[in-house]
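Chemist: Take a look at protein11.pdb, PDB, C-alpha atoms and all ligand atoms:
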```
ATOM      1  CA  MET A   1       0.000   0.000   0.000
ATOM      2  CA  GLY A   2       1.212   3.506  -0.726
ATOM      3  CA  ILE A   3       0.142   6.699   1.005
ATOM      4  CA  LEU A   4       0.902  10.095  -0.533
ATOM      5  CA  GLY A   5       0.491  12.829   2.091
ATOM      6  CA  LEU A   6       1.033  11.635   5.658
ATOM      7  CA  GLY A   7      -1.370  14.055   7.342
ATOM      8  CA  LEU A   8      -4.483  13.470   9.445
ATOM      9  CA  ILE A   9      -6.234  11.272   6.861
ATOM     10  CA  GLY A  10      -3.156   9.728   5.191
ATOM     11  CA  GLY A  11      -1.496   9.071   8.567
ATOM     12  CA  SER A  12      -4.671   7.528   9.998
ATOM     13  CA  LEU A  13      -5.022   5.286   6.927
ATOM     14  CA  ALA A  14      -1.365   4.281   7.261
ATOM     15  CA  LEU A  15      -1.777   3.421  10.956
ATOM     16  CA  ASP A  16      -4.792   1.184  10.255
ATOM     17  CA  LEU A  17      -3.336  -0.486   7.162
ATOM     18  CA  SER A  18      -0.052  -1.250   8.951
ATOM     19  CA  GLN A  19      -1.973  -2.642  11.905
ATOM     20  CA  LEU A  20      -3.876  -4.871   9.453
ATOM     21  CA  GLY A  21      -0.564  -6.298   8.228
ATOM     22  CA  TYR A  22      -0.128  -4.411   4.953
ATOM     23  CA  GLN A  23       3.343  -3.149   4.109
ATOM     24  CA  VAL A  24       2.778   0.580   3.865
ATOM     25  CA  LEU A  25       5.044   2.924   1.903
ATOM     26  CA  GLY A  26       4.596   6.594   2.799
ATOM     27  CA  VAL A  27       5.565   9.724   0.904
ATOM     28  CA  SER A  28       5.181  13.204   2.321
ATOM     29  CA  LEU A  29       6.508  16.691   1.798
ATOM     30  CA  GLN A  30       8.604  17.079   4.938
ATOM     31  CA  THR A  31      11.269  14.750   6.292
ATOM     32  CA  THR A  32      10.042  15.426   9.845
ATOM     33  CA  THR A  33       6.612  14.067   8.884
ATOM     34  CA  CYS A  34       8.223  10.959   7.360
ATOM     35  CA  ALA A  35      10.266  10.423  10.538
ATOM     36  CA  LEU A  36       7.167  10.749  12.738
ATOM     37  CA  ALA A  37       5.227   8.282  10.552
ATOM     38  CA  CYS A  38       8.059   5.734  10.956
ATOM     39  CA  GLN A  39       8.328   6.431  14.691
ATOM     40  CA  ARG A  40       4.595   5.813  15.154
ATOM     41  CA  GLY A  41       4.747   2.572  13.173
ATOM     42  CA  ALA A  42       2.355   3.911  10.544
ATOM     43  CA  VAL A  43       4.626   3.022   7.635
ATOM     44  CA  ARG A  44       7.322   0.503   6.865
ATOM     45  CA  VAL A  45       9.320   3.063   4.888
ATOM     46  CA  ALA A  46       8.722   6.790   4.371
ATOM     47  CA  SER A  47      10.414   9.239   2.049
ATOM     48  CA  THR A  48      10.034  12.592   0.371
ATOM     49  CA  ASP A  49      10.964  10.834  -2.898
ATOM     50  CA  TRP A  50       7.810   9.976  -4.852
ATOM     51  CA  GLN A  51       9.601   7.100  -6.639
ATOM     52  CA  LEU A  52       9.116   5.043  -3.465
ATOM     53  CA  LEU A  53       5.467   4.664  -4.485
ATOM     54  CA  ALA A  54       6.437   2.779  -7.675
ATOM     55  CA  GLY A  55       6.607  -0.295  -5.408
ATOM     56  CA  ALA A  56       2.953  -0.084  -4.326
ATOM     57  CA  ASP A  57      -0.083  -1.905  -5.765
ATOM     58  CA  LEU A  58      -2.637   0.580  -4.392
ATOM     59  CA  ILE A  59      -1.919   4.227  -3.542
ATOM     60  CA  PHE A  60      -4.122   6.542  -1.500
ATOM     61  CA  VAL A  61      -3.567  10.187  -2.422
ATOM     62  CA  CYS A  62      -4.171  12.134   0.792
ATOM     63  CA  VAL A  63      -2.746  15.579  -0.024
ATOM     64  CA  PRO A  64      -4.783  18.817   0.344
ATOM     65  CA  LEU A  65      -7.847  18.856  -1.919
ATOM     66  CA  ASP A  66      -6.496  21.315  -4.510
ATOM     67  CA  GLN A  67      -3.305  19.268  -4.924
ATOM     68  CA  THR A  68      -5.099  15.990  -5.638
ATOM     69  CA  VAL A  69      -5.435  16.258  -9.440
ATOM     70  CA  PRO A  70      -1.833  17.484 -10.030
ATOM     71  CA  SER A  71      -0.553  14.751  -7.686
ATOM     72  CA  VAL A  72      -2.374  11.986  -9.602
ATOM     73  CA  ALA A  73      -0.994  13.406 -12.873
ATOM     74  CA  ARG A  74       2.532  13.400 -11.417
ATOM     75  CA  LEU A  75       2.175   9.785 -10.221
ATOM     76  CA  ALA A  76       0.905   8.787 -13.687
ATOM     77  CA  GLU A  77       4.246   9.939 -15.163
ATOM     78  CA  PHE A  78       6.191   7.109 -13.539
ATOM     79  CA  LEU A  79       3.862   4.428 -12.112
ATOM     80  CA  PRO A  80       3.714   1.075 -13.889
ATOM     81  CA  GLU A  81       0.401   0.226 -15.582
ATOM     82  CA  GLY A  82      -2.219  -1.341 -13.325
ATOM     83  CA  VAL A  83      -1.275   0.433 -10.080
ATOM     84  CA  VAL A  84      -4.543   1.504  -8.493
ATOM     85  CA  ILE A  85      -4.835   5.093  -7.258
ATOM     86  CA  SER A  86      -7.608   6.331  -5.002
ATOM     87  CA  ASP A  87      -7.998   9.755  -3.405
ATOM     88  CA  VAL A  88      -9.701  10.928  -0.200
ATOM     89  CA  ALA A  89     -10.704  14.468  -1.134
ATOM     90  CA  SER A  90     -14.007  15.857   0.166
ATOM     91  CA  VAL A  91     -15.218  16.894  -3.315
ATOM     92  CA  LYS A  92     -15.570  14.346  -6.091
ATOM     93  CA  ALA A  93     -17.095  15.547  -9.407
ATOM     94  CA  ASP A  94     -14.331  18.019 -10.226
ATOM     95  CA  ILE A  95     -11.561  15.604  -9.210
ATOM     96  CA  VAL A  96     -12.935  12.439 -10.843
ATOM     97  CA  ALA A  97     -13.457  14.332 -14.119
ATOM     98  CA  HIS A  98      -9.806  15.442 -14.167
ATOM     99  CA  CYS A  99      -8.034  12.222 -13.106
ATOM    100  CA  SER A 100      -7.463  10.280 -16.314
ATOM    101  CA  TRP A 101      -5.291   7.466 -14.859
ATOM    102  CA  PRO A 102      -7.145   4.333 -16.062
ATOM    103  CA  TRP A 103      -6.932   2.664 -12.629
ATOM    104  CA  PHE A 104      -8.205   5.667 -10.622
ATOM    105  CA  VAL A 105     -11.109   5.284  -8.167
ATOM    106  CA  GLY A 106     -12.530   8.394  -6.462
ATOM    107  CA  GLY A 107     -13.009   8.062  -2.706
ATOM    108  CA  HIS A 108     -13.958  10.059   0.388
ATOM    109  CA  PRO A 109     -13.885   8.771   3.966
ATOM    110  CA  MET A 110     -16.533  10.578   6.034
ATOM    111  CA  ALA A 111     -14.307  10.888   9.093
ATOM    112  CA  GLY A 112     -11.977  13.501  10.481
ATOM    113  CA  THR A 113     -11.089  15.687  13.430
ATOM    114  CA  ALA A 114     -10.455  19.411  13.769
ATOM    115  CA  GLN A 115      -6.686  18.795  13.703
ATOM    116  CA  GLN A 116      -4.134  18.341  10.976
ATOM    117  CA  GLY A 117      -0.897  16.559  10.264
ATOM    118  CA  MET A 118       0.695  13.209  11.124
ATOM    119  CA  GLY A 119       0.722  14.095  14.839
ATOM    120  CA  ALA A 120      -3.095  14.223  14.767
ATOM    121  CA  ALA A 121      -3.485  10.854  12.987
ATOM    122  CA  VAL A 122      -5.462   8.288  14.966
ATOM    123  CA  GLN A 123      -5.980   4.573  14.666
ATOM    124  CA  GLY A 124      -9.551   3.430  14.034
ATOM    125  CA  LEU A 125     -10.655   6.764  12.563
ATOM    126  CA  PHE A 126     -12.639   5.088   9.761
ATOM    127  CA  ARG A 127     -14.206   2.233  11.729
ATOM    128  CA  ASP A 128     -18.016   2.278  11.375
ATOM    129  CA  ARG A 129     -17.873   5.547   9.438
ATOM    130  CA  PRO A 130     -19.225   5.896   5.886
ATOM    131  CA  TYR A 131     -16.501   5.621   3.212
ATOM    132  CA  VAL A 132     -17.712   6.738  -0.209
ATOM    133  CA  LEU A 133     -16.366   5.415  -3.505
ATOM    134  CA  THR A 134     -17.533   7.124  -6.685
ATOM    135  CA  PRO A 135     -16.964   4.817  -9.675
ATOM    136  CA  THR A 136     -18.042   5.933 -13.148
ATOM    137  CA  VAL A 137     -18.490   4.054 -16.417
ATOM    138  CA  MET A 138     -14.759   4.663 -17.012
ATOM    139  CA  THR A 139     -13.675   2.968 -13.742
ATOM    140  CA  ASP A 140     -11.719  -0.267 -14.076
ATOM    141  CA  PRO A 141     -13.794  -2.954 -12.273
ATOM    142  CA  GLU A 142     -10.737  -4.663 -10.751
ATOM    143  CA  ALA A 143      -9.378  -1.349  -9.471
ATOM    144  CA  LEU A 144     -12.739  -0.739  -7.808
ATOM    145  CA  ILE A 145     -12.650  -4.173  -6.166
ATOM    146  CA  SER A 146      -9.128  -3.499  -4.777
ATOM    147  CA  VAL A 147     -10.210  -0.250  -3.153
ATOM    148  CA  GLN A 148     -13.464  -1.771  -1.888
ATOM    149  CA  MET A 149     -11.510  -4.541  -0.157
ATOM    150  CA  ALA A 150      -9.210  -2.036   1.541
ATOM    151  CA  VAL A 151     -12.206   0.025   2.702
ATOM    152  CA  GLN A 152     -13.847  -3.085   4.126
ATOM    153  CA  ASP A 153     -10.588  -4.037   5.885
ATOM    154  CA  LEU A 154     -10.665  -0.625   7.592
ATOM    155  CA  GLY A 155     -14.051  -1.537   9.092
ATOM    156  CA  ALA A 156     -15.680   1.398   7.308
ATOM    157  CA  LYS A 157     -19.219   1.391   5.884
ATOM    158  CA  LEU A 158     -18.849   1.291   2.110
ATOM    159  CA  VAL A 159     -21.134   3.610   0.117
ATOM    160  CA  LEU A 160     -21.078   3.552  -3.686
ATOM    161  CA  THR A 161     -22.512   6.546  -5.516
ATOM    162  CA  ASP A 162     -21.759   8.797  -8.459
ATOM    163  CA  PRO A 163     -19.527  11.852  -8.001
ATOM    164  CA  VAL A 164     -22.249  14.478  -8.506
ATOM    165  CA  ALA A 165     -24.665  12.791  -6.082
ATOM    166  CA  HIS A 166     -21.795  12.649  -3.559
ATOM    167  CA  ASP A 167     -21.138  16.373  -3.910
ATOM    168  CA  ARG A 168     -24.823  17.243  -3.488
ATOM    169  CA  ALA A 169     -25.142  15.111  -0.359
ATOM    170  CA  VAL A 170     -21.927  16.295   1.321
ATOM    171  CA  ALA A 171     -22.919  19.904   0.603
ATOM    172  CA  LEU A 172     -26.017  19.274   2.743
ATOM    173  CA  VAL A 173     -24.479  17.382   5.640
ATOM    174  CA  SER A 174     -20.851  18.490   5.679
ATOM    175  CA  HIS A 175     -19.991  21.586   3.649
ATOM    176  CA  ALA A 176     -22.975  23.937   4.218
ATOM    177  CA  PRO A 177     -22.922  23.179   7.998
ATOM    178  CA  VAL A 178     -19.397  24.665   8.130
ATOM    179  CA  PHE A 179     -20.747  28.014   6.915
ATOM    180  CA  VAL A 180     -23.887  27.844   9.046
ATOM    181  CA  SER A 181     -21.726  27.204  12.090
ATOM    182  CA  ALA A 182     -19.279  29.971  11.112
ATOM    183  CA  ALA A 183     -22.188  32.414  10.661
ATOM    184  CA  LEU A 184     -23.434  31.603  14.170
ATOM    185  CA  LEU A 185     -20.020  32.460  15.611
ATOM    186  CA  LEU A 186     -19.765  35.644  13.534
ATOM    187  CA  ALA A 187     -23.265  36.699  14.640
ATOM    188  CA  GLY A 188     -22.290  36.090  18.266
ATOM    189  CA  VAL A 189     -19.287  38.401  18.186
ATOM    190  CA  GLN A 190     -21.442  41.246  16.758
ATOM    191  CA  ALA A 191     -22.876  41.749  20.261
ATOM    192  CA  ASP A 192     -21.715  44.783  22.243
ATOM    193  CA  THR A 193     -18.688  44.315  24.487
ATOM    194  CA  GLU A 194     -20.565  43.894  27.773
ATOM    195  CA  LEU A 195     -23.045  41.363  26.355
ATOM    196  CA  LEU A 196     -20.311  39.498  24.519
ATOM    197  CA  GLY A 197     -18.286  39.185  27.729
ATOM    198  CA  LEU A 198     -21.231  37.637  29.563
ATOM    199  CA  ALA A 199     -22.145  35.406  26.575
ATOM    200  CA  ARG A 200     -18.591  34.057  26.474
ATOM    201  CA  GLN A 201     -18.830  33.191  30.158
ATOM    202  CA  LEU A 202     -22.189  31.457  29.749
ATOM    203  CA  ALA A 203     -21.484  29.494  26.564
ATOM    204  CA  SER A 204     -21.663  25.792  27.325
ATOM    205  CA  THR A 205     -22.023  22.445  25.532
ATOM    206  CA  GLY A 206     -24.896  23.506  23.237
ATOM    207  CA  PHE A 207     -22.891  26.372  21.780
ATOM    208  CA  ALA A 208     -19.783  24.205  21.607
ATOM    209  CA  ASP A 209     -21.690  21.510  19.664
ATOM    210  CA  THR A 210     -23.241  23.889  17.150
ATOM    211  CA  THR A 211     -20.054  25.859  16.466
ATOM    212  CA  ARG A 212     -17.434  23.083  16.453
ATOM    213  CA  ILE A 213     -17.042  22.891  12.675
ATOM    214  CA  GLY A 214     -17.322  26.661  12.163
ATOM    215  CA  GLY A 215     -14.254  27.011  14.365
ATOM    216  CA  GLY A 216     -12.213  24.531  12.300
ATOM    217  CA  ASN A 217      -9.439  24.926   9.743
ATOM    218  CA  PRO A 218     -10.306  27.909   7.431
ATOM    219  CA  GLU A 219      -8.346  26.415   4.515
ATOM    220  CA  LEU A 220     -10.567  23.317   4.453
ATOM    221  CA  GLY A 221     -13.747  25.426   4.447
ATOM    222  CA  LEU A 222     -12.389  27.587   1.647
ATOM    223  CA  LEU A 223     -11.557  24.516  -0.451
ATOM    224  CA  MET A 224     -15.086  23.123   0.091
ATOM    225  CA  ALA A 225     -16.644  26.424  -1.014
ATOM    226  CA  ARG A 226     -14.374  26.788  -4.047
ATOM    227  CA  HIS A 227     -14.522  23.207  -5.292
ATOM    228  CA  ASN A 228     -18.168  22.420  -4.452
ATOM    229  CA  ARG A 229     -19.468  25.959  -4.963
ATOM    230  CA  ALA A 230     -22.717  25.211  -6.852
ATOM    231  CA  GLN A 231     -23.900  22.543  -4.410
ATOM    232  CA  VAL A 232     -22.878  24.555  -1.320
ATOM    233  CA  LEU A 233     -24.951  27.482  -2.647
ATOM    234  CA  VAL A 234     -27.989  25.215  -3.176
ATOM    235  CA  SER A 235     -27.728  23.898   0.397
ATOM    236  CA  LEU A 236     -27.220  27.358   1.917
ATOM    237  CA  ALA A 237     -30.266  28.662   0.015
ATOM    238  CA  ALA A 238     -32.389  25.799   1.414
ATOM    239  CA  TYR A 239     -31.091  26.594   4.899
ATOM    240  CA  GLN A 240     -31.869  30.315   4.479
ATOM    241  CA  THR A 241     -35.451  29.426   3.481
ATOM    242  CA  GLN A 242     -35.954  27.346   6.625
ATOM    243  CA  LEU A 243     -34.341  29.963   8.861
ATOM    244  CA  GLN A 244     -36.549  32.649   7.333
ATOM    245  CA  LYS A 245     -39.671  30.542   8.013
ATOM    246  CA  LEU A 246     -38.657  30.116  11.662
ATOM    247  CA  HIS A 247     -37.881  33.837  11.934
ATOM    248  CA  GLN A 248     -41.304  34.683  10.526
ATOM    249  CA  ALA A 249     -43.150  32.255  12.798
ATOM    250  CA  ILE A 250     -41.433  33.680  15.897
ATOM    251  CA  THR A 251     -42.073  37.266  14.719
ATOM    252  CA  GLU A 252     -45.778  36.485  14.278
ATOM    253  CA  GLU A 253     -45.888  34.523  17.546
ATOM    254  CA  ASP A 254     -47.128  31.561  15.539
ATOM    255  CA  TRP A 255     -46.176  29.069  18.256
ATOM    256  CA  ALA A 256     -48.007  26.183  16.567
ATOM    257  CA  GLN A 257     -45.750  26.651  13.557
ATOM    258  CA  VAL A 258     -42.641  26.885  15.771
ATOM    259  CA  VAL A 259     -43.426  23.710  17.689
ATOM    260  CA  GLN A 260     -44.287  21.855  14.492
ATOM    261  CA  ALA A 261     -40.908  22.809  12.986
ATOM    262  CA  LEU A 262     -39.033  21.751  16.134
ATOM    263  CA  GLN A 263     -40.950  18.471  16.395
ATOM    264  CA  THR A 264     -40.060  17.707  12.788
ATOM    265  CA  SER A 265     -36.392  18.599  13.304
ATOM    266  CA  GLN A 266     -36.278  16.440  16.469
ATOM    267  CA  ARG A 267     -37.768  13.483  14.567
ATOM    268  CA  VAL A 268     -35.591  13.713  11.431
ATOM    269  CA  ARG A 269     -32.307  14.126  13.317
ATOM    270  CA  GLY A 270     -32.313  10.417  14.148
ATOM    271  CA  GLU A 271     -32.711   9.554  10.467
ATOM    272  CA  PHE A 272     -29.185  10.689   9.673
ATOM    273  CA  SER A 273     -26.301   8.240  10.061
ATOM    274  CA  PRO A 274     -25.579   7.793  13.790
ATOM    275  CA  LEU A 275     -22.014   8.583  14.758
ATOM    276  CA  PRO A 276     -19.912   6.360  17.006
ATOM    277  CA  PRO A 277     -17.721   8.141  19.575
ATOM    278  CA  ALA A 278     -14.528   9.590  18.091
ATOM    279  CA  PRO A 279     -11.355   7.568  18.773
ATOM    280  CA  PRO A 280      -9.018   9.021  21.404
ATOM    281  CA  PRO A 281      -6.288  11.328  20.075
ATOM    282  CA  TYR A 282      -2.645  10.257  19.920
ATOM    283  CA  PRO A 283      -1.356  11.408  23.320
ATOM    284  CA  ALA A 284       2.283  12.297  22.873
ATOM    285  CA  GLY A 285       2.588  13.267  19.202
ATOM    286  CA  PRO A 286       3.719  16.720  18.140
ATOM    287  CA  ARG A 287       1.088  18.799  16.410
ATOM    288  CA  ARG A 288       1.890  20.961  13.454
ATOM    289  CA  ALA A 289       0.451  24.443  13.393
ATOM    290  CA  GLU A 290      -0.593  24.988   9.759
TER     291      GLU A 290
HETATM  292  P1  LIG B   1      -3.488  17.395   6.464
HETATM  293  O1  LIG B   1      -3.584  16.829   7.830
HETATM  294  O2  LIG B   1      -3.044  18.802   6.300
HETATM  295  O3  LIG B   1      -2.563  16.434   5.618
HETATM  296  C1  LIG B   1      -2.153  16.696   4.311
HETATM  297  C2  LIG B   1      -0.731  16.225   4.210
HETATM  298  O4  LIG B   1      -0.348  16.282   2.842
HETATM  299  C3  LIG B   1       0.241  17.097   4.977
HETATM  300  O5  LIG B   1       0.580  16.489   6.189
HETATM  301  C4  LIG B   1       1.428  17.254   4.041
HETATM  302  O6  LIG B   1       2.565  16.600   4.524
HETATM  303  C5  LIG B   1       1.028  16.449   2.816
HETATM  304  N1  LIG B   1       1.380  17.132   1.576
HETATM  305  C6  LIG B   1       1.028  18.361   1.187
HETATM  306  N2  LIG B   1       1.520  18.603  -0.022
HETATM  307  C7  LIG B   1       2.207  17.497  -0.396
HETATM  308  C8  LIG B   1       2.956  17.147  -1.524
HETATM  309  N3  LIG B   1       3.088  17.991  -2.533
HETATM  310  N4  LIG B   1       3.548  15.931  -1.572
HETATM  311  C9  LIG B   1       3.417  15.065  -0.550
HETATM  312  N5  LIG B   1       2.731  15.352   0.558
HETATM  313  C10 LIG B   1       2.123  16.556   0.633
HETATM  314  O7  LIG B   1      -4.914  17.306   5.707
HETATM  315  P2  LIG B   1      -6.040  16.193   5.835
HETATM  316  O8  LIG B   1      -7.104  16.706   6.746
HETATM  317  O9  LIG B   1      -5.415  14.880   6.066
HETATM  318  O10 LIG B   1      -6.654  16.280   4.371
HETATM  319  C11 LIG B   1      -6.090  15.567   3.297
HETATM  320  C12 LIG B   1      -7.204  15.216   2.333
HETATM  321  O11 LIG B   1      -8.225  14.514   3.045
HETATM  322  C13 LIG B   1      -7.883  16.421   1.685
HETATM  323  O12 LIG B   1      -8.098  16.139   0.323
HETATM  324  C14 LIG B   1      -9.228  16.513   2.400
HETATM  325  O13 LIG B   1     -10.248  17.014   1.538
HETATM  326  C15 LIG B   1      -9.493  15.070   2.727
HETATM  327  N6  LIG B   1     -10.357  14.839   3.891
HETATM  328  C16 LIG B   1     -10.166  15.546   5.048
HETATM  329  C17 LIG B   1     -10.982  15.294   6.133
HETATM  330  C18 LIG B   1     -10.808  16.042   7.436
HETATM  331  O14 LIG B   1     -11.723  16.053   8.254
HETATM  332  N7  LIG B   1      -9.680  16.657   7.675
HETATM  333  C19 LIG B   1     -11.984  14.311   6.052
HETATM  334  C20 LIG B   1     -12.120  13.585   4.876
HETATM  335  C21 LIG B   1     -11.299  13.855   3.795
HETATM  336  P3  LIG B   1       3.779  17.258   5.336
HETATM  337  O15 LIG B   1       3.376  17.086   6.767
HETATM  338  O16 LIG B   1       4.915  16.374   4.931
HETATM  339  O17 LIG B   1       3.882  18.675   4.906
END
```
Please lay out the structure from this file as structure tokens.
Modeler:
Amino acid sequence: MGILGLGLIGGSLALDLSQLGYQVLGVSLQTTTCALACQRGAVRVASTDWQLLAGADLIFVCVPLDQTVPSVARLAEFLPEGVVISDVASVKADIVAHCSWPWFVGGHPMAGTAQQGMGAAVQGLFRDRPYVLTPTVMTDPEALISVQMAVQDLGAKLVLTDPVAHDRAVALVSHAPVFVSAALLLAGVQADTELLGLARQLASTGFADTTRIGGGNPELGLLMARHNRAQVLVSLAAYQTQLQKLHQAITEEDWAQVVQALQTSQRVRGEFSPLPPAPPPYPAGPRRAE
């Protein structure tokens, strides 16, 4: 197995695959990251030299989203025919359309934390979480089977769908919520100084839950908005419509309407995929500030 980009996702994949008995070859940008991956037992060998990956049968490209397509193109310059490449980027249509390697399979594990880098990688991150693969009519069936087997080995819940459907669904449940959560934080800090001081003191678990992803890595949010722009806009418009309806019902003191909306939201919440508790973080690893 090869991993390109030993960060949170690539490092976590490497930890699990090594634990499963695969021989994992890791390539990353910085030698310090490679050293940490070796020290943590995530990889058998790690290097900043991409040629190391010529020895792999299946490579997961785990670099930042906007570097995925150029990285696959660079790998295609020297990999032998038949090596399977899969990516993990959070947007699929744009990436799948631009990766012409015949043994490419688009993928996206629906798992993560608010941290970055090899130091934040955790074992078991993908267990019981959805892992999406987005084959198209161009996808080599044997390449798809190889990636499916690896996903199943990780203990993840395999979901097969097409790239556009993936992007529409993640806009609803992953990308738009980042901006909704960010807007809540931005609205909060508009309060006058005295009120804001008290609000900061009183904020508890409810506020922490609803703002967790809005307080995450700005680069990731920007990449979601740029690369899944059309679908994020559709989801935000749907959200604005619902918020406006609630605003109007409260303005008009239409309490029947308010309670009906909240009863519906309470009922439908359970219909979304239940999340297992997050795995514990790696205790002693250094964290990179990016
Ligand atoms: P990350 O922790 O920042 O890791 C990315 C790693 O890529 C960095 O550690 C960096 O390694 C390496 N890298 C950057 N440029 C490289 C290059 N040119 N060659 C080799 N290695 C390079 O980010 P991440 O959260 O793992 O995200 C990686 C991918 O996973 C993205 O496509 C993202 O969309 C996707 N994803 C993220 C999440 C999430 O919640 N974070 C969830 C699902 C999918 P160095 O340390 O050596 O610089």
Chemist: Please identify every polymer residue within 6 Å of ligand LIG 1 (chain B), using only C-alpha atoms and all ligand atoms, and present the set as a PDB file with C-alpha atoms, keeping the file's coordinate frame.
Modeler:
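The new file selection-v7.pdb reads:
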```pdb
ATOM      1  CA  LEU A   4       0.902  10.095  -0.533  1.00  0.00           C
ATOM      2  CA  GLY A   5       0.491  12.829   2.091  1.00  0.00           C
ATOM      3  CA  LEU A   6       1.033  11.635   5.658  1.00  0.00           C
ATOM      4  CA  GLY A   7      -1.370  14.055   7.342  1.00  0.00           C
ATOM      5  CA  LEU A   8      -4.483  13.470   9.445  1.00  0.00           C
ATOM      6  CA  ILE A   9      -6.234  11.272   6.861  1.00  0.00           C
ATOM      7  CA  GLY A  10      -3.156   9.728   5.191  1.00  0.00           C
ATOM      8  CA  VAL A  27       5.565   9.724   0.904  1.00  0.00           C
ATOM      9  CA  SER A  28       5.181  13.204   2.321  1.00  0.00           C
ATOM     10  CA  LEU A  29       6.508  16.691   1.798  1.00  0.00           C
ATOM     11  CA  GLN A  30       8.604  17.079   4.938  1.00  0.00           C
ATOM     12  CA  THR A  33       6.612  14.067   8.884  1.00  0.00           C
ATOM     13  CA  CYS A  62      -4.171  12.134   0.792  1.00  0.00           C
ATOM     14  CA  VAL A  63      -2.746  15.579  -0.024  1.00  0.00           C
ATOM     15  CA  PRO A  64      -4.783  18.817   0.344  1.00  0.00           C
ATOM     16  CA  LEU A  65      -7.847  18.856  -1.919  1.00  0.00           C
ATOM     17  CA  VAL A  88      -9.701  10.928  -0.200  1.00  0.00           C
ATOM     18  CA  ALA A  89     -10.704  14.468  -1.134  1.00  0.00           C
ATOM     19  CA  SER A  90     -14.007  15.857   0.166  1.00  0.00           C
ATOM     20  CA  HIS A 108     -13.958  10.059   0.388  1.00  0.00           C
ATOM     21  CA  PRO A 109     -13.885   8.771   3.966  1.00  0.00           C
ATOM     22  CA  MET A 110     -16.533  10.578   6.034  1.00  0.00           C
ATOM     23  CA  ALA A 111     -14.307  10.888   9.093  1.00  0.00           C
ATOM     24  CA  GLY A 112     -11.977  13.501  10.481  1.00  0.00           C
ATOM     25  CA  THR A 113     -11.089  15.687  13.430  1.00  0.00           C
ATOM     26  CA  GLN A 116      -4.134  18.341  10.976  1.00  0.00           C
ATOM     27  CA  GLY A 117      -0.897  16.559  10.264  1.00  0.00           C
ATOM     28  CA  MET A 118       0.695  13.209  11.124  1.00  0.00           C
TER      29      MET A 118
END
```
Chemist: So, counting all atoms listed in the file, which residue among A:Ala46, A:Ala230, A:Thr31, A:Val178 is closest to Asp94 (chain A)?
Modeler: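 So, comparing all the options, the nearest one is A:Ala230.
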Chemist: Can you spell out as a ChimeraX atom specification the set of residues that the PyMOL selection byres (((chain A and resi 144-155) around 8) and not hetatm) selects in the structure I just provided?
Modeler: /A:16-17,20,58,84,86,105,124,126-128,131,133,135,139-143,156-158
Chemist: In the coordinates of the file, take the point (-20.9, 19.6, 0.7) and a cut-off of 6 Å; then, counting all atoms listed in the file, name each qualifying protein, DNA or RNA residue as a ChimeraX atom specification.
Modeler: /A:167,170-172,174-176,232
Chemist: Which residue, A:Ala14, A:Gln67, A:Trp50, A:His247, has the smallest gap to Leu223 (chain A) when you use all atoms listed in the file?
Modeler: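 Smallest separation from Leu223 (chain A) among the options: A:Gln67.
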Chemist: Do you have the CA of Ile213 (chain A)-CA of Leu13 (chain A) distance handy?
Modeler: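 For CA of Ile213 (chain A) relative to CA of Leu13 (chain A), the distance reads 22.1 Å.
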Chemist: Starting from the PyMOL selection byres (((chain A and resi 161) around 10) and not hetatm), expand the selection into actual residues of this file and give them as a list in words.
Modeler: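 Applied to this file, the PyMOL selection byres (((chain A and resi 161) around 10) and not hetatm) selects Val132, Leu133, Thr134, Pro135, Thr136, Leu158, Val159, Leu160, Asp162, Pro163, Val164, Ala165 and His166 of chain A.
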